[in-house]
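Engineer: Sharing upload.csv, CSV, N, CA and C atoms:
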```
chain,number,residue,atom,x,y,z
X,264,MET,N,44.1,-43.1,-89.1
X,264,MET,CA,45.2,-42.9,-88.2
X,264,MET,C,45.4,-41.4,-88.1
X,265,LYS,N,45.7,-41.0,-86.8
X,265,LYS,CA,46.1,-39.6,-86.6
X,265,LYS,C,47.2,-39.6,-85.6
X,266,PHE,N,47.7,-38.4,-85.4
X,266,PHE,CA,48.8,-38.2,-84.4
X,266,PHE,C,48.2,-37.4,-83.3
X,267,VAL,N,48.6,-37.7,-82.0
X,267,VAL,CA,48.3,-36.9,-80.9
X,267,VAL,C,49.5,-36.5,-80.1
X,268,GLU,N,49.4,-35.4,-79.4
X,268,GLU,CA,50.6,-34.9,-78.6
X,268,GLU,C,50.3,-35.2,-77.2
X,269,ILE,N,51.2,-35.9,-76.5
X,269,ILE,CA,51.1,-36.1,-75.1
X,269,ILE,C,52.1,-35.2,-74.4
X,270,SER,N,52.0,-35.2,-73.0
X,270,SER,CA,52.9,-34.4,-72.2
X,270,SER,C,54.3,-34.6,-72.6
X,271,GLY,N,55.1,-33.6,-72.6
X,271,GLY,CA,56.5,-33.7,-73.1
X,271,GLY,C,56.6,-33.4,-74.6
X,272,SER,N,55.5,-32.9,-75.2
X,272,SER,CA,55.5,-32.6,-76.6
X,272,SER,C,55.9,-33.7,-77.5
X,273,ILE,N,55.5,-34.9,-77.2
X,273,ILE,CA,55.8,-36.1,-78.0
X,273,ILE,C,54.6,-36.4,-78.9
X,274,LEU,N,54.8,-36.6,-80.2
X,274,LEU,CA,53.7,-37.0,-81.1
X,274,LEU,C,53.7,-38.5,-81.2
X,275,LEU,N,52.5,-39.1,-81.1
X,275,LEU,CA,52.3,-40.5,-81.2
X,275,LEU,C,51.2,-40.8,-82.2
X,276,PRO,N,51.4,-41.8,-83.0
X,276,PRO,CA,50.3,-42.3,-83.9
X,276,PRO,C,49.3,-43.0,-83.1
X,277,MET,N,48.0,-42.8,-83.5
X,277,MET,CA,46.9,-43.5,-82.8
X,277,MET,C,45.9,-44.0,-83.9
X,278,SER,N,45.5,-45.3,-83.7
X,278,SER,CA,44.6,-45.9,-84.6
X,278,SER,C,43.2,-45.4,-84.4
X,279,ASN,N,42.3,-45.7,-85.4
X,279,ASN,CA,40.9,-45.3,-85.3
X,279,ASN,C,40.3,-45.9,-84.1
X,280,GLU,N,40.6,-47.2,-83.8
X,280,GLU,CA,40.0,-47.9,-82.7
X,280,GLU,C,40.4,-47.2,-81.3
X,281,GLU,N,41.7,-46.9,-81.3
X,281,GLU,CA,42.2,-46.2,-80.1
X,281,GLU,C,41.5,-44.8,-79.9
X,282,ASN,N,41.3,-44.1,-81.1
X,282,ASN,CA,40.7,-42.8,-81.0
X,282,ASN,C,39.2,-42.9,-80.5
X,283,VAL,N,38.5,-44.0,-80.8
X,283,VAL,CA,37.1,-44.2,-80.3
X,283,VAL,C,37.2,-44.3,-78.8
X,284,LEU,N,38.1,-45.1,-78.3
X,284,LEU,CA,38.3,-45.3,-76.8
X,284,LEU,C,38.7,-44.0,-76.2
X,285,LEU,N,39.6,-43.2,-76.8
X,285,LEU,CA,40.0,-41.9,-76.2
X,285,LEU,C,38.8,-41.0,-76.1
X,286,GLU,N,37.9,-41.0,-77.2
X,286,GLU,CA,36.8,-40.1,-77.2
X,286,GLU,C,35.8,-40.5,-76.0
X,287,LYS,N,35.7,-41.8,-75.8
X,287,LYS,CA,34.9,-42.3,-74.7
X,287,LYS,C,35.4,-41.8,-73.3
X,288,VAL,N,36.7,-41.8,-73.2
X,288,VAL,CA,37.4,-41.3,-71.9
X,288,VAL,C,37.1,-39.8,-71.8
X,289,LYS,N,37.2,-39.1,-72.9
X,289,LYS,CA,37.0,-37.6,-72.8
X,289,LYS,C,35.5,-37.3,-72.5
X,290,GLU,N,34.6,-38.0,-73.1
X,290,GLU,CA,33.1,-37.8,-72.9
X,290,GLU,C,32.7,-38.0,-71.5
X,291,TYR,N,33.4,-38.9,-70.8
X,291,TYR,CA,33.0,-39.3,-69.4
X,291,TYR,C,33.1,-38.1,-68.5
X,292,GLN,N,33.9,-37.1,-68.8
X,292,GLN,CA,34.0,-35.9,-68.0
X,292,GLN,C,34.7,-36.0,-66.6
X,293,LYS,N,35.1,-37.2,-66.3
X,293,LYS,CA,35.8,-37.5,-65.0
X,293,LYS,C,36.5,-38.8,-65.3
X,294,PRO,N,37.4,-39.3,-64.4
X,294,PRO,CA,38.1,-40.5,-64.7
X,294,PRO,C,37.1,-41.7,-65.0
X,295,LEU,N,37.4,-42.3,-66.1
X,295,LEU,CA,36.6,-43.4,-66.6
X,295,LEU,C,36.9,-44.7,-65.9
X,296,PRO,N,35.9,-45.3,-65.2
X,296,PRO,CA,36.2,-46.6,-64.4
X,296,PRO,C,36.5,-47.7,-65.4
X,297,LYS,N,37.4,-48.6,-65.1
X,297,LYS,CA,37.8,-49.7,-65.9
X,297,LYS,C,36.6,-50.7,-66.0
X,298,SER,N,35.7,-50.7,-65.0
X,298,SER,CA,34.6,-51.6,-65.0
X,298,SER,C,33.5,-51.3,-66.1
X,299,VAL,N,33.5,-50.1,-66.7
X,299,VAL,CA,32.6,-49.9,-67.8
X,299,VAL,C,33.1,-50.3,-69.1
X,300,LEU,N,34.3,-50.7,-69.2
X,300,LEU,CA,34.9,-51.1,-70.5
X,300,LEU,C,34.7,-52.6,-70.8
X,301,ASN,N,34.5,-52.9,-72.0
X,301,ASN,CA,34.5,-54.3,-72.4
X,301,ASN,C,35.9,-54.9,-72.5
X,302,GLU,N,36.1,-56.2,-72.8
X,302,GLU,CA,37.4,-56.8,-72.8
X,302,GLU,C,38.3,-56.2,-73.8
X,303,ARG,N,37.8,-55.9,-75.0
X,303,ARG,CA,38.7,-55.3,-76.0
X,303,ARG,C,39.1,-53.9,-75.6
X,304,GLU,N,38.2,-53.1,-75.1
X,304,GLU,CA,38.6,-51.8,-74.6
X,304,GLU,C,39.6,-51.8,-73.5
X,305,LYS,N,39.5,-52.8,-72.6
X,305,LYS,CA,40.4,-52.9,-71.5
X,305,LYS,C,41.8,-53.2,-72.1
X,306,GLU,N,41.9,-54.0,-73.1
X,306,GLU,CA,43.2,-54.3,-73.7
X,306,GLU,C,43.8,-53.1,-74.4
X,307,LEU,N,42.9,-52.4,-75.1
X,307,LEU,CA,43.3,-51.1,-75.8
X,307,LEU,C,43.8,-50.1,-74.8
X,308,ALA,N,43.0,-50.0,-73.7
X,308,ALA,CA,43.4,-49.0,-72.6
X,308,ALA,C,44.8,-49.4,-72.0
X,309,ARG,N,45.0,-50.7,-71.8
X,309,ARG,CA,46.3,-51.1,-71.3
X,309,ARG,C,47.5,-50.7,-72.2
X,310,THR,N,47.3,-50.9,-73.5
X,310,THR,CA,48.4,-50.5,-74.5
X,310,THR,C,48.5,-49.0,-74.6
X,311,MET,N,47.4,-48.3,-74.5
X,311,MET,CA,47.4,-46.8,-74.5
X,311,MET,C,48.1,-46.3,-73.3
X,312,VAL,N,48.0,-46.9,-72.1
X,312,VAL,CA,48.7,-46.5,-70.9
X,312,VAL,C,50.2,-46.7,-71.2
X,313,ASN,N,50.6,-47.9,-71.7
X,313,ASN,CA,52.0,-48.2,-72.0
X,313,ASN,C,52.6,-47.2,-73.0
X,314,ARG,N,51.8,-46.7,-73.9
X,314,ARG,CA,52.3,-45.7,-74.9
X,314,ARG,C,52.3,-44.3,-74.4
X,315,GLY,N,51.6,-44.0,-73.2
X,315,GLY,CA,51.5,-42.7,-72.7
X,315,GLY,C,50.3,-41.9,-73.1
X,316,ILE,N,49.4,-42.5,-73.8
X,316,ILE,CA,48.2,-41.7,-74.2
X,316,ILE,C,47.2,-41.6,-73.1
X,317,LEU,N,47.0,-42.7,-72.3
X,317,LEU,CA,46.2,-42.7,-71.2
X,317,LEU,C,47.0,-42.8,-69.9
X,318,THR,N,46.4,-42.4,-68.8
X,318,THR,CA,47.0,-42.6,-67.5
X,318,THR,C,46.1,-43.4,-66.6
X,319,ARG,N,46.6,-44.4,-66.0
X,319,ARG,CA,45.8,-45.3,-65.1
X,319,ARG,C,46.0,-44.8,-63.7
X,320,ILE,N,44.8,-44.6,-63.0
X,320,ILE,CA,44.9,-44.2,-61.6
X,320,ILE,C,44.1,-45.1,-60.7
X,321,LYS,N,44.5,-45.2,-59.5
X,321,LYS,CA,43.8,-46.1,-58.6
X,321,LYS,C,43.2,-45.3,-57.4
X,322,MET,N,41.9,-45.4,-57.2
X,322,MET,CA,41.2,-44.6,-56.2
X,322,MET,C,40.2,-45.6,-55.5
X,323,ASN,N,40.3,-45.7,-54.2
X,323,ASN,CA,39.4,-46.6,-53.4
X,323,ASN,C,39.4,-48.0,-54.0
X,324,ASP,N,40.6,-48.5,-54.3
X,324,ASP,CA,40.8,-49.9,-54.8
X,324,ASP,C,40.2,-50.2,-56.1
X,325,LYS,N,39.9,-49.1,-56.9
X,325,LYS,CA,39.3,-49.3,-58.2
X,325,LYS,C,40.2,-48.6,-59.2
X,326,LEU,N,40.3,-49.1,-60.5
X,326,LEU,CA,41.1,-48.5,-61.5
X,326,LEU,C,40.3,-47.6,-62.4
X,327,TYR,N,40.9,-46.5,-62.8
X,327,TYR,CA,40.3,-45.5,-63.6
X,327,TYR,C,41.3,-45.1,-64.7
X,328,PHE,N,40.8,-44.5,-65.8
X,328,PHE,CA,41.6,-44.0,-66.9
X,328,PHE,C,41.3,-42.6,-67.2
X,329,VAL,N,42.4,-41.8,-67.4
X,329,VAL,CA,42.2,-40.4,-67.8
X,329,VAL,C,43.1,-40.1,-69.0
X,330,SER,N,42.8,-39.1,-69.8
X,330,SER,CA,43.6,-38.8,-71.0
X,330,SER,C,44.9,-38.1,-70.5
X,331,ASN,N,45.9,-38.4,-71.3
X,331,ASN,CA,47.2,-37.8,-71.0
X,331,ASN,C,47.6,-36.8,-72.2
X,332,LEU,N,46.6,-36.4,-73.0
X,332,LEU,CA,47.0,-35.5,-74.1
X,332,LEU,C,47.3,-34.1,-73.6
X,333,LEU,N,48.2,-33.5,-74.2
X,333,LEU,CA,48.7,-32.2,-73.8
X,333,LEU,C,47.7,-31.1,-73.8
X,334,ASP,N,46.8,-31.1,-74.8
X,334,ASP,CA,45.8,-30.0,-75.0
X,334,ASP,C,44.6,-30.3,-74.1
X,335,GLU,N,44.5,-31.4,-73.4
X,335,GLU,CA,43.3,-31.7,-72.6
X,335,GLU,C,43.7,-32.0,-71.1
X,336,MET,N,44.9,-31.7,-70.7
X,336,MET,CA,45.3,-32.0,-69.3
X,336,MET,C,44.8,-31.0,-68.4
X,337,PRO,N,43.8,-31.3,-67.5
X,337,PRO,CA,43.3,-30.3,-66.6
X,337,PRO,C,44.3,-30.1,-65.4
X,338,GLY,N,44.1,-29.1,-64.7
X,338,GLY,CA,45.0,-28.8,-63.5
X,338,GLY,C,44.8,-29.9,-62.4
X,339,ASP,N,43.6,-30.3,-62.2
X,339,ASP,CA,43.3,-31.3,-61.2
X,339,ASP,C,42.3,-32.3,-61.7
X,340,VAL,N,42.6,-33.5,-61.9
X,340,VAL,CA,41.7,-34.5,-62.5
X,340,VAL,C,40.7,-35.0,-61.5
X,341,LEU,N,41.0,-35.0,-60.2
X,341,LEU,CA,40.2,-35.6,-59.2
X,341,LEU,C,39.3,-34.6,-58.7
```
Can you dump the structure from the file as structure tokens?
Structural biologist:
Amino acid sequence: MKFVEISGSILLPMSNEENVLLEKVKEYQKPLPKSVLNEREKELARTMVNRGILTRIKMNDKLYFVSNLLDEMPGDVL
């Protein structure tokens, strides 16, 4: 378990399983499409959105996930 800082300088605990998914989102280099996630990852992503670790965006009627971590927030995601 580790702590991550999201926008607003809030520290949140994150499990190892969540960390693996977050690394997958970061490695994708652009918004990660929901369609590439398996069922467990989709559920984890949903809870991480609720906690503020990930942000869900909708483009062209498709859902994508991006990191909401303070040290990784780009100026323009799209």
Engineer: Please return as JSON, numbers by chain: the residues of chain X that backbone DSSP assigns to helix (DSSP H, G or I).
Structural biologist: {"X": [279, 280, 281, 282, 283, 284, 285, 286, 287, 288, 289, 290, 297, 298, 299, 302, 303, 304, 305, 306, 307, 308, 309, 310, 311, 312, 313, 314, 333, 334, 335]}
Engineer: Could you list, as a compact mmCIF listing (two decimals) with N, CA and C atoms, keeping the file's coordinate frame, every residue within 8 Å of Lys289 of chain X, counting only N, CA and C atoms and ignoring same-chain residues fewer than 4 positions away?
Structural biologist:
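File produced: result_12.txt:
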```txt
# COMPACT_ATOMS: atom_id res chain seq x y z
N VAL X 283 38.50 -44.00 -80.80
CA VAL X 283 37.10 -44.20 -80.30
C VAL X 283 37.20 -44.30 -78.80
N LEU X 284 38.10 -45.10 -78.30
CA LEU X 284 38.30 -45.30 -76.80
C LEU X 284 38.70 -44.00 -76.20
N LEU X 285 39.60 -43.20 -76.80
CA LEU X 285 40.00 -41.90 -76.20
C LEU X 285 38.80 -41.00 -76.10
N LYS X 293 35.10 -37.20 -66.30
CA LYS X 293 35.80 -37.50 -65.00
C LYS X 293 36.50 -38.80 -65.30
N LEU X 295 37.40 -42.30 -66.10
CA LEU X 295 36.60 -43.40 -66.60
C LEU X 295 36.90 -44.70 -65.90
N PHE X 328 40.80 -44.50 -65.80
CA PHE X 328 41.60 -44.00 -66.90
C PHE X 328 41.30 -42.60 -67.20
N VAL X 329 42.40 -41.80 -67.40
CA VAL X 329 42.20 -40.40 -67.80
C VAL X 329 43.10 -40.10 -69.00
N SER X 330 42.80 -39.10 -69.80
CA SER X 330 43.60 -38.80 -71.00
C SER X 330 44.90 -38.10 -70.50
```
Engineer: Expressed in Å to a single decimal, how great is the separation between atom CA of Tyr327 of chain X and atom CA of Asn301 of chain X?
Structural biologist: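 Answer for the atom CA of Tyr327 of chain X to atom CA of Asn301 of chain X separation: 13.7 Å.
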Engineer: Hey, which of X:Asn323, X:Glu281, X:Leu332, X:Pro296 ends up closest to Ala308 of chain X? Count only C-alpha atoms.
Structural biologist: X:Glu281
Engineer: Which value, in Å to one decimal, gives the distance between atom CA of Asn331 of chain X and atom CA of Glu306 of chain X?
Structural biologist: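 One can read the atom CA of Asn331 of chain X to atom CA of Glu306 of chain X distance as 17.2 Å.
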Engineer: Give me the residues near Ser278 of chain X as a PyMOL selection string, where near means some atom within 10 Å (using only C-alpha atoms) and where sequence neighbours in that chain fewer than 6 positions away do not count.
Structural biologist: chain X and resi 264-266
Engineer: Any chance you could list, as a ChimeraX atom specification, the residues in chain X that come up strand (DSSP E) when DSSP is run on the backbone?
Structural biologist: /X:265-269,273-277,295-296,317-322,325-330
Engineer: Limited to N, CA and C atoms, could you put the picked residues into a file as an mmCIF file, in the coordinates of the input?
Structural biologist:
```cif
data_model
loop_
_atom_site.group_PDB
_atom_site.id
_atom_site.type_symbol
_atom_site.label_atom_id
_atom_site.label_comp_id
_atom_site.auth_asym_id
_atom_site.auth_seq_id
_atom_site.Cartn_x
_atom_site.Cartn_y
_atom_site.Cartn_z
ATOM 1 N N LYS X 265 45.700 -41.000 -86.800
ATOM 2 C CA LYS X 265 46.100 -39.600 -86.600
ATOM 3 C C LYS X 265 47.200 -39.600 -85.600
ATOM 4 N N PHE X 266 47.700 -38.400 -85.400
ATOM 5 C CA PHE X 266 48.800 -38.200 -84.400
ATOM 6 C C PHE X 266 48.200 -37.400 -83.300
ATOM 7 N N VAL X 267 48.600 -37.700 -82.000
ATOM 8 C CA VAL X 267 48.300 -36.900 -80.900
ATOM 9 C C VAL X 267 49.500 -36.500 -80.100
ATOM 10 N N GLU X 268 49.400 -35.400 -79.400
ATOM 11 C CA GLU X 268 50.600 -34.900 -78.600
ATOM 12 C C GLU X 268 50.300 -35.200 -77.200
ATOM 13 N N ILE X 269 51.200 -35.900 -76.500
ATOM 14 C CA ILE X 269 51.100 -36.100 -75.100
ATOM 15 C C ILE X 269 52.100 -35.200 -74.400
ATOM 16 N N ILE X 273 55.500 -34.900 -77.200
ATOM 17 C CA ILE X 273 55.800 -36.100 -78.000
ATOM 18 C C ILE X 273 54.600 -36.400 -78.900
ATOM 19 N N LEU X 274 54.800 -36.600 -80.200
ATOM 20 C CA LEU X 274 53.700 -37.000 -81.100
ATOM 21 C C LEU X 274 53.700 -38.500 -81.200
ATOM 22 N N LEU X 275 52.500 -39.100 -81.100
ATOM 23 C CA LEU X 275 52.300 -40.500 -81.200
ATOM 24 C C LEU X 275 51.200 -40.800 -82.200
ATOM 25 N N PRO X 276 51.400 -41.800 -83.000
ATOM 26 C CA PRO X 276 50.300 -42.300 -83.900
ATOM 27 C C PRO X 276 49.300 -43.000 -83.100
ATOM 28 N N MET X 277 48.000 -42.800 -83.500
ATOM 29 C CA MET X 277 46.900 -43.500 -82.800
ATOM 30 C C MET X 277 45.900 -44.000 -83.900
ATOM 31 N N LEU X 295 37.400 -42.300 -66.100
ATOM 32 C CA LEU X 295 36.600 -43.400 -66.600
ATOM 33 C C LEU X 295 36.900 -44.700 -65.900
ATOM 34 N N PRO X 296 35.900 -45.300 -65.200
ATOM 35 C CA PRO X 296 36.200 -46.600 -64.400
ATOM 36 C C PRO X 296 36.500 -47.700 -65.400
ATOM 37 N N LEU X 317 47.000 -42.700 -72.300
ATOM 38 C CA LEU X 317 46.200 -42.700 -71.200
ATOM 39 C C LEU X 317 47.000 -42.800 -69.900
ATOM 40 N N THR X 318 46.400 -42.400 -68.800
ATOM 41 C CA THR X 318 47.000 -42.600 -67.500
ATOM 42 C C THR X 318 46.100 -43.400 -66.600
ATOM 43 N N ARG X 319 46.600 -44.400 -66.000
ATOM 44 C CA ARG X 319 45.800 -45.300 -65.100
ATOM 45 C C ARG X 319 46.000 -44.800 -63.700
ATOM 46 N N ILE X 320 44.800 -44.600 -63.000
ATOM 47 C CA ILE X 320 44.900 -44.200 -61.600
ATOM 48 C C ILE X 320 44.100 -45.100 -60.700
ATOM 49 N N LYS X 321 44.500 -45.200 -59.500
ATOM 50 C CA LYS X 321 43.800 -46.100 -58.600
ATOM 51 C C LYS X 321 43.200 -45.300 -57.400
ATOM 52 N N MET X 322 41.900 -45.400 -57.200
ATOM 53 C CA MET X 322 41.200 -44.600 -56.200
ATOM 54 C C MET X 322 40.200 -45.600 -55.500
ATOM 55 N N LYS X 325 39.900 -49.100 -56.900
ATOM 56 C CA LYS X 325 39.300 -49.300 -58.200
ATOM 57 C C LYS X 325 40.200 -48.600 -59.200
ATOM 58 N N LEU X 326 40.300 -49.100 -60.500
ATOM 59 C CA LEU X 326 41.100 -48.500 -61.500
ATOM 60 C C LEU X 326 40.300 -47.600 -62.400
ATOM 61 N N TYR X 327 40.900 -46.500 -62.800
ATOM 62 C CA TYR X 327 40.300 -45.500 -63.600
ATOM 63 C C TYR X 327 41.300 -45.100 -64.700
ATOM 64 N N PHE X 328 40.800 -44.500 -65.800
ATOM 65 C CA PHE X 328 41.600 -44.000 -66.900
ATOM 66 C C PHE X 328 41.300 -42.600 -67.200
ATOM 67 N N VAL X 329 42.400 -41.800 -67.400
ATOM 68 C CA VAL X 329 42.200 -40.400 -67.800
ATOM 69 C C VAL X 329 43.100 -40.100 -69.000
ATOM 70 N N SER X 330 42.800 -39.100 -69.800
ATOM 71 C CA SER X 330 43.600 -38.800 -71.000
ATOM 72 C C SER X 330 44.900 -38.100 -70.500
#
```
Engineer: To one decimal in Å, tell me the separation between atom N of Ser270 of chain X and atom N of Leu317 of chain X.
Structural biologist: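 Distance between the two atoms: 9.0 Å.
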Engineer: Counting only N, CA and C atoms, figure out which residue out of X:Gln292, X:Leu275, X:Asn282, X:Lys297 gets nearest to Arg314 of chain X.
Structural biologist: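 Of the candidates, the smallest distance to Arg314 of chain X is held by X:Leu275.
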Engineer: Calculated over only N, CA and C atoms, which of the candidates X:Gly271, X:Lys321, X:Val312, X:Leu326 has the smallest distance to Ser298 of chain X?
Structural biologist: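 Checking each of X:Gly271, X:Lys321, X:Val312, X:Leu326 against Ser298 of chain X, counting only N, CA and C atoms, the winner is X:Leu326.
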Engineer: Selecting N, CA, C and O atoms, how would segment 266-283 of chain X from this structure be written as a short mmCIF file (atom, residue, chain, number, x, y, z; two decimals), in the first residue's frame?
Structural biologist:
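Resulting contents of part33.cif:
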```cif
data_model
loop_
_atom_site.label_atom_id
_atom_site.label_comp_id
_atom_site.auth_asym_id
_atom_site.auth_seq_id
_atom_site.Cartn_x
_atom_site.Cartn_y
_atom_site.Cartn_z
N PHE X 266 0.66 5.84 -0.60
CA PHE X 266 -0.18 7.03 -0.63
C PHE X 266 0.12 7.83 -1.89
O PHE X 266 1.27 7.93 -2.31
N VAL X 267 -0.93 8.37 -2.49
CA VAL X 267 -0.78 9.22 -3.67
C VAL X 267 -1.44 10.55 -3.38
O VAL X 267 -2.37 10.65 -2.59
N GLU X 268 -0.95 11.60 -4.05
CA GLU X 268 -1.50 12.94 -3.87
C GLU X 268 -2.30 13.31 -5.11
O GLU X 268 -1.79 13.29 -6.22
N ILE X 269 -3.57 13.63 -4.90
CA ILE X 269 -4.42 14.05 -6.01
C ILE X 269 -4.56 15.57 -5.98
O ILE X 269 -4.09 16.22 -5.05
N SER X 270 -5.21 16.12 -7.00
CA SER X 270 -5.39 17.57 -7.05
C SER X 270 -6.10 18.02 -5.78
O SER X 270 -6.97 17.34 -5.26
N GLY X 271 -5.72 19.16 -5.28
CA GLY X 271 -6.23 19.65 -4.02
C GLY X 271 -5.31 19.27 -2.87
O GLY X 271 -5.64 19.46 -1.71
N SER X 272 -4.16 18.68 -3.20
CA SER X 272 -3.15 18.26 -2.21
C SER X 272 -3.72 17.31 -1.18
O SER X 272 -3.43 17.41 0.01
N ILE X 273 -4.52 16.38 -1.62
CA ILE X 273 -5.12 15.38 -0.74
C ILE X 273 -4.36 14.07 -0.90
O ILE X 273 -4.14 13.61 -2.02
N LEU X 274 -3.94 13.47 0.22
CA LEU X 274 -3.27 12.19 0.20
C LEU X 274 -4.29 11.06 0.36
O LEU X 274 -5.11 11.11 1.27
N LEU X 275 -4.22 10.07 -0.52
CA LEU X 275 -5.13 8.93 -0.46
C LEU X 275 -4.33 7.64 -0.44
O LEU X 275 -3.35 7.51 -1.18
N PRO X 276 -4.75 6.65 0.37
CA PRO X 276 -4.09 5.35 0.31
C PRO X 276 -4.52 4.61 -0.96
O PRO X 276 -5.64 4.77 -1.44
N MET X 277 -3.60 3.81 -1.50
CA MET X 277 -3.90 3.07 -2.71
C MET X 277 -3.32 1.67 -2.58
O MET X 277 -2.15 1.50 -2.23
N SER X 278 -4.13 0.65 -2.89
CA SER X 278 -3.68 -0.74 -2.79
C SER X 278 -2.73 -1.07 -3.93
O SER X 278 -2.62 -0.34 -4.93
N ASN X 279 -2.04 -2.20 -3.81
CA ASN X 279 -1.13 -2.63 -4.86
C ASN X 279 -1.88 -2.91 -6.16
O ASN X 279 -1.38 -2.62 -7.24
N GLU X 280 -3.07 -3.48 -6.05
CA GLU X 280 -3.88 -3.77 -7.23
C GLU X 280 -4.28 -2.48 -7.95
O GLU X 280 -4.23 -2.40 -9.18
N GLU X 281 -4.64 -1.46 -7.18
CA GLU X 281 -4.97 -0.16 -7.77
C GLU X 281 -3.73 0.47 -8.40
O GLU X 281 -3.82 1.11 -9.45
N ASN X 282 -2.58 0.27 -7.77
CA ASN X 282 -1.34 0.82 -8.30
C ASN X 282 -1.01 0.21 -9.67
O ASN X 282 -0.55 0.90 -10.57
N VAL X 283 -1.25 -1.08 -9.83
CA VAL X 283 -1.01 -1.76 -11.12
C VAL X 283 -1.89 -1.13 -12.20
O VAL X 283 -1.42 -0.86 -13.31
#
```
